$ cat input-v9.cif   # mmCIF, C-alpha atoms
data_model
#
loop_
_atom_site.label_atom_id
_atom_site.label_comp_id
_atom_site.auth_asym_id
_atom_site.auth_seq_id
_atom_site.Cartn_x
_atom_site.Cartn_y
_atom_site.Cartn_z
CA MET A 1 16.92 -1.49 12.61
CA SER A 2 15.69 -5.01 12.79
CA LYS A 3 18.31 -7.70 13.27
CA ASP A 4 16.38 -9.76 10.69
CA ILE A 5 17.33 -7.38 7.89
CA LEU A 6 20.81 -7.37 6.42
CA GLU A 7 22.25 -4.08 5.22
CA ILE A 8 23.92 -4.57 1.85
CA ASP A 9 25.99 -2.27 -0.34
CA ASP A 10 27.42 -2.16 -3.86
CA ASN A 11 30.35 -4.33 -2.74
CA SER A 12 28.37 -7.05 -1.00
CA PHE A 13 25.44 -7.22 -3.45
CA ASP A 14 27.07 -9.93 -5.54
CA SER A 15 27.95 -12.25 -2.68
CA GLU A 16 24.97 -11.60 -0.42
CA VAL A 17 22.22 -11.42 -3.05
CA LEU A 18 23.21 -12.90 -6.40
CA GLN A 19 25.11 -15.83 -4.89
CA SER A 20 22.75 -16.42 -1.99
CA GLU A 21 21.50 -19.97 -1.45
CA LYS A 22 18.21 -18.65 -0.10
CA PRO A 23 15.85 -16.40 -2.07
CA VAL A 24 16.51 -12.75 -1.18
CA LEU A 25 14.18 -9.78 -0.87
CA VAL A 26 16.02 -6.47 -1.24
CA ASP A 27 14.33 -3.25 -0.11
CA PHE A 28 15.83 -0.33 -2.06
CA TRP A 29 15.32 2.83 -0.05
CA ALA A 30 16.74 6.23 0.84
CA PRO A 31 16.53 8.41 3.93
CA TRP A 32 14.73 11.21 2.03
CA CYS A 33 11.97 8.89 0.86
CA GLY A 34 8.84 9.19 3.02
CA PRO A 35 7.08 6.13 1.62
CA CYS A 36 10.25 4.07 2.18
CA ARG A 37 10.21 4.99 5.85
CA ALA A 38 6.48 4.31 5.90
CA ILE A 39 6.76 0.73 4.60
CA ALA A 40 9.90 -0.12 6.60
CA PRO A 41 7.87 -1.47 9.56
CA LEU A 42 5.91 -3.76 7.20
CA VAL A 43 9.15 -5.16 5.78
CA GLU A 44 10.43 -5.70 9.33
CA GLU A 45 7.26 -7.60 10.25
CA LEU A 46 7.65 -9.78 7.17
CA ALA A 47 11.31 -10.39 8.00
CA ALA A 48 10.31 -11.57 11.46
CA GLU A 49 7.68 -13.92 10.00
CA TYR A 50 9.48 -15.27 6.92
CA GLY A 51 13.12 -14.67 7.82
CA ASP A 52 13.83 -18.40 8.10
CA LYS A 53 12.87 -19.05 4.47
CA ILE A 54 13.94 -15.82 2.83
CA LYS A 55 16.88 -13.51 3.34
CA PHE A 56 15.75 -9.93 3.89
CA ALA A 57 18.12 -7.16 2.86
CA LYS A 58 18.02 -3.43 2.39
CA CYS A 59 20.10 -1.20 0.18
CA ASN A 60 20.45 2.56 0.63
CA VAL A 61 20.40 3.90 -2.94
CA ASP A 62 22.08 7.17 -1.94
CA ASP A 63 25.18 5.46 -0.60
CA ASN A 64 25.13 2.72 -3.24
CA PRO A 65 24.19 4.08 -6.68
CA ILE A 66 25.74 1.29 -8.76
CA THR A 67 23.38 -1.55 -7.86
CA PRO A 68 20.08 0.33 -8.37
CA GLY A 69 21.54 1.81 -11.58
CA LYS A 70 22.25 -1.68 -12.95
CA LEU A 71 18.75 -2.81 -12.01
CA GLY A 72 17.15 0.21 -13.68
CA ILE A 73 15.51 1.44 -10.49
CA LYS A 74 13.98 4.89 -10.96
CA SER A 75 11.44 4.78 -8.19
CA ILE A 76 11.58 3.87 -4.53
CA PRO A 77 10.60 2.08 -2.47
CA THR A 78 11.30 -0.84 -4.82
CA LEU A 79 11.38 -4.35 -3.42
CA ILE A 80 13.04 -6.94 -5.62
CA PHE A 81 12.96 -10.69 -5.08
CA PHE A 82 16.00 -12.62 -6.26
CA ARG A 83 16.40 -16.37 -6.59
CA ASP A 84 19.56 -18.04 -7.85
CA GLY A 85 20.87 -14.65 -8.94
CA ASN A 86 17.81 -13.78 -11.02
CA VAL A 87 15.07 -11.24 -10.51
CA VAL A 88 11.85 -13.17 -9.99
CA ASP A 89 9.50 -10.41 -8.91
CA LYS A 90 9.42 -6.70 -8.26
CA VAL A 91 7.09 -4.51 -6.22
CA ILE A 92 7.23 -0.73 -6.62
CA GLY A 93 5.75 1.82 -4.23
CA MET A 94 3.69 1.61 -1.09
CA VAL A 95 1.65 -1.58 -1.23
CA PRO A 96 -0.43 -3.48 1.31
CA LYS A 97 1.34 -6.07 3.45
CA SER A 98 -1.01 -8.71 2.04
CA LYS A 99 0.33 -8.05 -1.47
CA LEU A 100 3.93 -8.47 -0.29
CA GLU A 101 2.96 -11.64 1.53
CA GLY A 102 1.35 -12.93 -1.66
CA VAL A 103 4.58 -12.38 -3.56
CA ILE A 104 6.71 -13.92 -0.80
CA THR A 105 4.64 -17.09 -0.60
CA GLN A 106 5.01 -17.54 -4.35
CA VAL A 107 8.76 -16.98 -4.39
CA MET B 108 -29.46 -6.36 21.53
CA LYS B 109 -27.34 -8.46 19.19
CA ARG B 110 -23.65 -8.46 20.00
CA VAL B 111 -21.45 -6.54 17.62
CA ASP B 112 -17.67 -6.51 17.37
CA TYR B 113 -17.35 -2.72 17.30
CA ASP B 114 -19.41 0.42 17.72
CA LEU B 115 -17.33 2.15 15.05
CA VAL B 116 -15.09 0.96 12.24
CA ILE B 117 -12.96 3.57 10.50
CA ILE B 118 -11.80 2.52 7.05
CA GLY B 119 -8.55 4.25 6.08
CA GLY B 120 -5.75 5.77 8.15
CA GLY B 121 -4.94 9.07 6.46
CA PRO B 122 -5.50 12.41 8.22
CA ALA B 123 -9.29 11.90 8.11
CA GLY B 124 -9.19 8.38 9.54
CA LEU B 125 -6.64 9.27 12.20
CA THR B 126 -8.64 12.32 13.29
CA ALA B 127 -11.87 10.31 13.45
CA GLY B 128 -9.92 7.75 15.48
CA LEU B 129 -8.61 10.43 17.83
CA TYR B 130 -12.10 11.75 18.56
CA ALA B 131 -13.59 8.27 18.87
CA ALA B 132 -10.83 7.06 21.20
CA ARG B 133 -11.20 10.13 23.39
CA ALA B 134 -14.97 9.55 23.50
CA GLU B 135 -14.21 5.96 24.56
CA ILE B 136 -16.14 4.49 21.65
CA ASN B 137 -15.28 0.85 20.90
CA THR B 138 -13.42 1.56 17.68
CA ILE B 139 -11.06 -0.08 15.21
CA LEU B 140 -9.25 1.63 12.37
CA ILE B 141 -8.43 -0.54 9.36
CA GLU B 142 -5.49 0.61 7.23
CA LYS B 143 -4.34 -1.45 4.26
CA VAL B 144 -0.84 0.00 3.81
CA VAL B 145 0.45 2.32 6.51
CA PRO B 146 -1.16 5.22 8.37
CA GLY B 147 -0.80 8.63 6.76
CA GLY B 148 -2.05 7.93 3.27
CA GLN B 149 -1.10 10.49 0.66
CA VAL B 150 0.64 12.67 3.26
CA ASN B 151 3.41 10.03 3.27
CA ILE B 152 4.30 11.06 -0.26
CA THR B 153 4.01 14.79 0.36
CA ASP B 154 7.40 16.44 0.62
CA PHE B 155 6.37 19.48 2.59
CA VAL B 156 3.13 20.69 4.15
CA ASP B 157 2.97 24.46 4.39
CA ASN B 158 -0.76 25.04 4.75
CA TYR B 159 -1.67 23.03 7.82
CA PRO B 160 -1.92 25.35 10.81
CA GLY B 161 0.21 24.97 13.90
CA PHE B 162 3.51 24.50 12.07
CA PRO B 163 4.83 28.02 11.44
CA ASP B 164 7.85 26.72 9.53
CA GLY B 165 5.90 24.03 7.68
CA ILE B 166 6.43 20.32 8.28
CA SER B 167 7.41 17.34 6.14
CA GLY B 168 4.57 14.97 5.25
CA PRO B 169 6.09 11.93 7.01
CA ASP B 170 6.83 14.01 10.13
CA LEU B 171 3.22 15.17 10.27
CA VAL B 172 2.03 11.57 9.92
CA LYS B 173 4.30 10.56 12.80
CA LYS B 174 2.82 13.28 15.03
CA MET B 175 -0.74 12.27 14.14
CA THR B 176 -0.13 8.58 14.78
CA ASP B 177 1.70 9.28 18.05
CA GLN B 178 -1.28 11.30 19.17
CA VAL B 179 -3.87 8.58 18.48
CA GLU B 180 -1.61 5.98 20.06
CA ARG B 181 -1.60 8.02 23.25
CA PHE B 182 -5.38 7.48 23.45
CA GLY B 183 -5.08 3.80 22.67
CA LEU B 184 -6.81 3.67 19.29
CA GLU B 185 -6.78 0.14 17.87
CA ILE B 186 -5.21 0.24 14.39
CA GLU B 187 -5.07 -2.93 12.30
CA ASN B 188 -3.11 -3.51 9.12
CA ASN B 189 -5.79 -5.15 7.01
CA GLU B 190 -7.99 -4.44 4.03
CA VAL B 191 -11.75 -4.10 3.70
CA ILE B 192 -12.63 -6.24 0.68
CA SER B 193 -16.40 -5.69 0.68
CA VAL B 194 -19.19 -4.28 2.83
CA ASP B 195 -22.78 -5.12 3.66
CA LEU B 196 -24.43 -1.95 4.93
CA SER B 197 -28.01 -3.02 4.25
CA GLN B 198 -28.84 -3.85 7.89
CA PRO B 199 -28.60 -1.71 11.03
CA ILE B 200 -25.65 -3.88 12.05
CA LYS B 201 -23.12 -3.51 9.27
CA ASN B 202 -20.74 -6.26 8.19
CA LEU B 203 -17.32 -5.69 6.69
CA THR B 204 -15.30 -8.44 5.05
CA LEU B 205 -11.56 -8.15 5.67
CA ASN B 206 -8.70 -10.23 4.26
CA ASP B 207 -9.04 -12.89 6.92
CA ARG B 208 -12.41 -12.44 8.67
CA SER B 209 -15.65 -10.48 8.88
CA ILE B 210 -16.40 -7.84 11.49
CA SER B 211 -19.71 -6.30 12.56
CA THR B 212 -20.31 -2.72 13.66
CA HIS B 213 -23.01 -0.17 14.39
CA THR B 214 -21.30 2.65 12.49
CA VAL B 215 -18.70 3.12 9.78
CA ILE B 216 -16.57 6.09 8.80
CA ILE B 217 -15.34 5.84 5.23
CA ALA B 218 -11.96 7.57 5.01
CA THR B 219 -10.17 5.75 2.22
CA GLY B 220 -9.17 8.92 0.42
CA ALA B 221 -8.09 9.01 -3.16
CA SER B 222 -5.24 7.92 -5.39
CA PRO B 223 -3.55 9.67 -8.31
CA LYS B 224 -5.46 9.52 -11.56
CA LYS B 225 -3.79 7.82 -14.51
CA LEU B 226 -3.38 9.60 -17.82
CA GLY B 227 -4.45 6.48 -19.64
CA VAL B 228 -1.97 6.81 -22.51
CA PRO B 229 0.23 4.14 -24.13
CA GLY B 230 3.47 3.62 -22.22
CA GLU B 231 2.16 4.88 -18.90
CA GLU B 232 1.64 1.44 -17.41
CA ILE B 233 4.75 -0.32 -18.74
CA PHE B 234 7.10 2.51 -17.77
CA SER B 235 5.63 2.95 -14.31
CA GLY B 236 8.66 2.91 -12.01
CA LYS B 237 10.88 3.22 -15.11
CA GLY B 238 10.51 6.93 -15.56
CA VAL B 239 6.75 7.32 -15.13
CA SER B 240 5.97 8.51 -11.62
CA TYR B 241 3.22 10.03 -9.52
CA CYS B 242 5.48 10.94 -6.61
CA ALA B 243 8.19 13.60 -6.80
CA THR B 244 9.46 13.02 -3.28
CA CYS B 245 9.93 9.31 -3.99
CA ASP B 246 11.56 9.55 -7.35
CA GLY B 247 12.77 13.10 -7.95
CA PRO B 248 16.36 12.48 -6.80
CA PHE B 249 16.78 9.79 -9.49
CA PHE B 250 16.56 12.57 -12.07
CA LYS B 251 19.53 14.65 -11.05
CA ASP B 252 20.61 16.82 -14.03
CA ARG B 253 18.03 15.10 -16.22
CA VAL B 254 15.08 16.44 -18.19
CA ILE B 255 11.60 15.76 -16.84
CA ALA B 256 8.07 16.24 -18.13
CA ALA B 257 5.39 17.10 -15.57
CA VAL B 258 1.75 16.83 -16.59
CA GLY B 259 -1.05 18.87 -15.02
CA GLY B 260 -1.90 22.41 -13.99
CA GLY B 261 -3.29 22.24 -10.47
CA ASP B 262 -1.66 22.82 -7.10
CA THR B 263 -0.04 19.41 -6.95
CA ALA B 264 1.41 19.60 -10.46
CA VAL B 265 2.94 23.03 -9.88
CA GLU B 266 4.19 22.39 -6.33
CA GLU B 267 5.76 19.09 -7.27
CA SER B 268 7.31 20.54 -10.44
CA LEU B 269 8.98 23.18 -8.31
CA PHE B 270 10.29 20.42 -6.06
CA LEU B 271 11.65 18.57 -9.10
CA THR B 272 13.71 21.61 -10.13
CA ARG B 273 15.95 20.90 -7.15
CA PHE B 274 17.23 17.88 -9.07
CA ALA B 275 16.35 18.14 -12.73
CA LYS B 276 18.13 20.44 -15.13
CA LYS B 277 14.83 21.16 -16.86
CA VAL B 278 11.14 20.54 -16.21
CA TYR B 279 8.56 20.84 -18.97
CA LEU B 280 5.21 21.57 -17.34
CA ILE B 281 2.58 20.36 -19.79
CA HIS B 282 -0.95 21.62 -19.33
CA ARG B 283 -3.95 21.19 -21.60
CA ARG B 284 -5.25 24.72 -20.95
CA ASP B 285 -3.67 28.15 -21.45
CA GLN B 286 -3.45 28.97 -17.76
CA LEU B 287 -2.71 27.14 -14.52
CA ARG B 288 -5.32 26.32 -11.89
CA ALA B 289 -2.76 26.32 -9.08
CA ALA B 290 -2.81 28.89 -6.28
CA ALA B 291 -1.42 32.29 -7.32
CA ILE B 292 1.66 32.03 -5.09
CA MET B 293 2.62 28.72 -6.70
CA GLN B 294 2.03 30.10 -10.20
CA HIS B 295 4.36 33.02 -9.51
CA ARG B 296 7.06 30.72 -8.24
CA ALA B 297 6.73 28.47 -11.28
CA MET B 298 6.87 31.40 -13.72
CA LYS B 299 9.96 32.80 -12.01
CA ASN B 300 11.78 29.48 -12.07
CA ASP B 301 14.29 29.28 -14.93
CA LYS B 302 14.21 25.50 -15.02
CA ILE B 303 10.46 25.28 -15.71
CA GLU B 304 9.29 25.63 -19.30
CA MET B 305 5.53 25.80 -19.82
CA ILE B 306 3.99 23.82 -22.66
CA TRP B 307 0.47 25.27 -22.91
CA ASN B 308 -2.65 23.84 -24.54
CA SER B 309 -1.04 20.45 -24.91
CA GLU B 310 -1.70 16.86 -23.99
CA VAL B 311 0.66 13.91 -23.69
CA THR B 312 -0.56 11.24 -26.08
CA SER B 313 2.09 8.58 -25.49
CA ILE B 314 5.14 7.82 -23.38
CA ASN B 315 7.89 6.12 -25.34
CA GLY B 316 11.14 4.28 -24.84
CA LEU B 317 12.88 0.94 -24.95
CA THR B 318 13.56 -0.12 -21.36
CA HIS B 319 12.72 3.20 -19.71
CA VAL B 320 11.20 6.55 -20.64
CA GLU B 321 13.14 8.22 -23.47
CA ASN B 322 10.63 10.65 -24.93
CA ILE B 323 6.99 11.64 -24.92
CA THR B 324 4.60 12.58 -27.70
CA VAL B 325 2.76 15.83 -27.09
CA GLN B 326 -0.16 17.13 -29.09
CA HIS B 327 -1.40 20.73 -29.20
CA VAL B 328 -5.12 20.69 -28.39
CA LYS B 329 -5.97 23.55 -30.80
CA THR B 330 -3.66 23.02 -33.77
CA SER B 331 -3.27 19.23 -33.33
CA ASP B 332 0.45 19.71 -34.01
CA ILE B 333 2.54 16.88 -32.65
CA GLN B 334 5.99 17.12 -31.13
CA GLN B 335 8.37 14.72 -29.43
CA LEU B 336 10.07 15.85 -26.26
CA HIS B 337 13.18 14.04 -25.09
CA VAL B 338 12.72 13.42 -21.38
CA ASP B 339 14.09 10.95 -18.86
CA GLY B 340 11.00 10.97 -16.71
CA CYS B 341 7.31 11.80 -16.87
CA PHE B 342 5.54 12.83 -13.69
CA ILE B 343 1.76 12.79 -13.78
CA TRP B 344 -0.50 14.97 -11.61
CA VAL B 345 -3.85 15.18 -13.35
CA GLY B 346 -6.15 14.78 -10.39
CA ILE B 347 -7.31 11.98 -8.16
CA ASP B 348 -9.80 9.13 -8.12
CA PRO B 349 -11.64 8.23 -4.91
CA VAL B 350 -10.81 4.81 -3.45
CA THR B 351 -14.26 3.23 -3.25
CA GLN B 352 -14.13 -0.10 -5.13
CA TYR B 353 -14.82 -2.13 -1.96
CA LEU B 354 -18.06 -0.16 -1.38
CA ALA B 355 -19.65 -1.33 -4.66
CA ASN B 356 -23.08 0.35 -4.59
CA ALA B 357 -23.57 0.32 -0.82
CA VAL B 358 -23.76 4.14 -0.59
CA GLU B 359 -24.65 6.95 -2.98
CA PHE B 360 -21.92 8.63 -5.03
CA ASP B 361 -21.78 11.89 -6.93
CA LYS B 362 -21.16 12.01 -10.69
CA ALA B 363 -17.40 11.95 -10.27
CA GLY B 364 -17.60 8.89 -8.01
CA PHE B 365 -17.04 10.56 -4.65
CA VAL B 366 -19.17 9.52 -1.66
CA ARG B 367 -22.13 11.84 -1.15
CA VAL B 368 -22.62 13.11 2.42
CA ASP B 369 -24.77 15.68 4.23
CA LEU B 370 -23.56 18.37 6.63
CA ASN B 371 -23.17 15.75 9.38
CA MET B 372 -20.91 13.76 7.04
CA GLU B 373 -23.59 11.07 6.90
CA THR B 374 -23.90 9.11 3.66
CA SER B 375 -27.14 7.86 2.11
CA VAL B 376 -26.99 5.00 4.65
CA PRO B 377 -27.83 5.86 8.29
CA GLY B 378 -24.86 5.21 10.55
CA VAL B 379 -22.38 5.33 7.68
CA PHE B 380 -20.28 8.48 7.44
CA ALA B 381 -17.50 9.68 5.15
CA ALA B 382 -14.67 12.17 5.63
CA GLY B 383 -11.75 13.58 3.69
CA ASP B 384 -10.74 13.16 0.06
CA VAL B 385 -13.19 10.31 -0.56
CA ARG B 386 -16.27 12.51 -0.13
CA ASN B 387 -17.89 15.08 -2.41
CA THR B 388 -16.24 18.39 -1.57
CA SER B 389 -14.81 21.43 -3.30
CA ILE B 390 -11.32 21.23 -1.84
CA ARG B 391 -9.20 18.32 -0.68
CA GLN B 392 -6.68 19.37 1.93
CA ILE B 393 -5.32 17.91 5.16
CA ALA B 394 -7.12 20.71 7.01
CA THR B 395 -10.48 19.86 5.40
CA ALA B 396 -10.03 16.12 5.93
CA VAL B 397 -9.35 16.71 9.60
CA GLY B 398 -12.41 18.96 9.93
CA ASP B 399 -14.66 16.45 8.16
CA ALA B 400 -13.43 13.71 10.41
CA ALA B 401 -14.21 15.58 13.63
CA VAL B 402 -17.78 16.09 12.38
CA ALA B 403 -18.07 12.46 11.24
CA ALA B 404 -16.81 11.11 14.57
CA TYR B 405 -19.21 13.33 16.49
CA SER B 406 -22.10 12.22 14.25
CA ALA B 407 -21.16 8.58 14.75
CA GLU B 408 -21.07 9.12 18.49
CA GLN B 409 -24.58 10.67 18.41
CA TYR B 410 -25.84 7.77 16.30
CA ILE B 411 -24.40 5.19 18.70
CA GLU B 412 -25.87 6.98 21.73
CA ASN B 413 -29.29 6.97 20.05
CA ILE B 414 -29.34 3.26 19.27
CA LEU B 415 -28.09 2.32 22.72
CA LYS B 416 -30.80 4.37 24.43
#

$ encode --input "input-v9.cif" --output "structure tokens"
Amino acid sequence: MSKDILEIDDNSFDSEVLQSEKPVLVDFWAPWCGPCRAIAPLVEELAAEYGDKIKFAKCNVDDNPITPGKLGIKSIPTLIFFRDGNVVDKVIGMVPKSKLEGVITQV
Amino acid sequence: MKRVDYDLVIIGGGPAGLTAGLYAARAEINTILIEKVVPGGQVNITDFVDNYPGFPDGISGPDLVKKMTDQVERFGLEIENNEVISVDLSQPIKNLTLNDRSISTHTVIIATGASPKKLGVPGEEIFSGKGVSYCATCDGPFFKDRVIAAVGGGDTAVEESLFLTRFAKKVYLIHRRDQLRAAAIMQHRAMKNDKIEMIWNSEVTSINGLTHVENITVQHVKTSDIQQLHVDGCFIWVGIDPVTQYLANAVEFDKAGFVRVDLNMETSVPGVFAAGDVRNTSIRQIATAVGDAAVAAYSAEQYIENILK
């Protein structure tokens, strides 16, 4: 896994995401999810390009059911952008890199 | 002769695009494949492929994609993550507008496939990702011990409903006719499965809830009787739409909007070919996409040889 992407869990979600100084993009995924594996390289590319401005994180929904449950996630991959503890944007499913970039540059 | 960027541009990186790329790379044609998301297309969201030859025990969709991409990489196919926004196919040298630049080419293979059709009912859009889904392998596990509605009657609807029974405690399979269109073997499996309850001759007219799907409204097509079904999710498999917006009217389409081709996979425009789910065909399978693409790549090669003579 890319060193640019932080692995978070139900315990660290609060401190690493909600209380983060930087905006955070969290990639909610699971090992059984083909599309999640498919977009993982795109997220890694984005982390390499925008990692200085935005914190990139990923959360395995199998191991950490509480956080996706609270956020009402019923579909993965779901990418959620947080700023100052609030959800500012959400992208569900396999989407082009250009769309993710569009969201990132607005965040 | 005017300089062009490529001899062949393949649009789309599903099984058709990757196969066309494999043949083109092996024929040493100056080729680029443009893929807007990631290679593999719809196969990425297919749990299990049991009807593609060469895999006696079947293979998972993502694993098959990996094998196909590894194979084209071995022959050095250039794949770019980009999107074709529009095309100009009116001249012998074709121009494609991408996100960040334009490229010129002698030939094009259209392999952009298709995407799941929407039902077009109230609630579908707002609950997308909140209980409305088009992908059982992505979202099925979120519905452990829950009740799910599945809409459709074809192969995909029945196969994916069976997959959902691994998680859900009940799956209503809602079909507007009184029999399924799916392959006989899938029908038998569905009928034998205790968790699947058929709702025949019925259409979903709305998907309802507060913050996520809570119930759906179903209407009987003959009696017009209406009932509410309490469900936690609604999976929709009512067919596919070809992905052709970027083509505008550059090639001819059939009535349903699929790209019309001849036996050489050539479209109404010389030097422009189409392969796979995006073209007019009676069956849309990985095996047929791959076959189309081999023909399309060969036809493109012949076309290029002719103009370079």

$ interface_residues --input "input-v9.cif" --of "chain B" --to "chain A" --cutoff "9 Å" --atoms "all atoms listed in the file" --output "number ranges by chain"
B: 142-147, 150-154, 167-170, 188-190, 206, 235-240, 242, 244-250, 318-319, 340

$ resolve_selection --input "input-v9.cif" --expression "the PyMOL selection byres ((chain B and resi 320-333) around 8)" --output "PyMOL selection string"
chain B and resi 234+237-239+283+307-319+334-341

$ axis_aligned_box --input "input-v9.cif" --around "segment 136-145 of chain B" --padding-each-side "3 Å" --output "AutoDock Vina command-line options"
--center_x -7.8 --center_y 1.5 --center_z 12.7 --size_x 22.6 --size_y 11.9 --size_z 23.8

$ residues_around --input "input-v9.cif" --residues "Tyr159 of chain B" --least-positions-apart "3" --cutoff "7 Å" --atoms "all atoms listed in the file" --output "list in words"
Val156, Phe162, Ile393 and Ala394 of chain B

$ residues_around --input "input-v9.cif" --residues "Val376 of chain B" --least-positions-apart "4" --cutoff "12 Å" --atoms "only C-alpha atoms" --output "PyMOL selection string"
chain B and resi 195-201+213-217+354+356-360+366-369+372+380-381

$ closest_residue --input "input-v9.cif" --among "A:Phe28, A:Tyr50, A:Lys22, A:Lys70" --to "Val103 of chain A" --atoms "all atoms listed in the file"
A:Tyr50

$ atom_distance --input "input-v9.cif" --atom1 "atom CA of Asp252 of chain B" --atom2 "atom CA of Val278 of chain B"
10.4 Å

$ residues_near_point --input "input-v9.cif" --point "(-14.5, 2.7, -1.4)" --cutoff "10 Å" --atoms "only C-alpha atoms" --output "JSON, numbers by chain"
{"B": [118, 119, 191, 192, 193, 194, 217, 218, 219, 220, 221, 349, 350, 351, 352, 353, 354, 355, 356, 357, 358, 364, 365, 366, 385]}

$ atom_distance --input "input-v9.cif" --atom1 "atom CA of Arg391 of chain B" --atom2 "atom CA of Val345 of chain B"
14.1 Å

$ residues_around --input "input-v9.cif" --residues "Asp89 of chain A" --least-positions-apart "2" --cutoff "6 Å" --atoms "all atoms listed in the file" --output "list in words"
Ile80, Phe81 and Val87 of chain A

$ closest_residue --input "input-v9.cif" --among "B:Glu412, B:Ala243, B:Ala275, B:Phe342" --to "Ala257 of chain B" --atoms "only C-alpha atoms"
B:Phe342

$ closest_residue --input "input-v9.cif" --among "B:Arg386, B:Leu415, B:Val379, B:His282" --to "Lys362 of chain B" --atoms "all atoms listed in the file"
B:Arg386

$ closest_residue --input "input-v9.cif" --among "B:Val179, B:Leu205, B:Ala297, B:Ile306" --to "Ile141 of chain B" --atoms "all atoms listed in the file"
B:Leu205

$ closest_residue --input "input-v9.cif" --among "A:Lys53, A:Val26, A:Asn64, A:Pro31" --to "Asp9 of chain A" --atoms "all atoms listed in the file"
A:Asn64

$ atom_distance --input "input-v9.cif" --atom1 "atom CA of Glu231 of chain B" --atom2 "atom CA of Ile390 of chain B"
27.2 Å
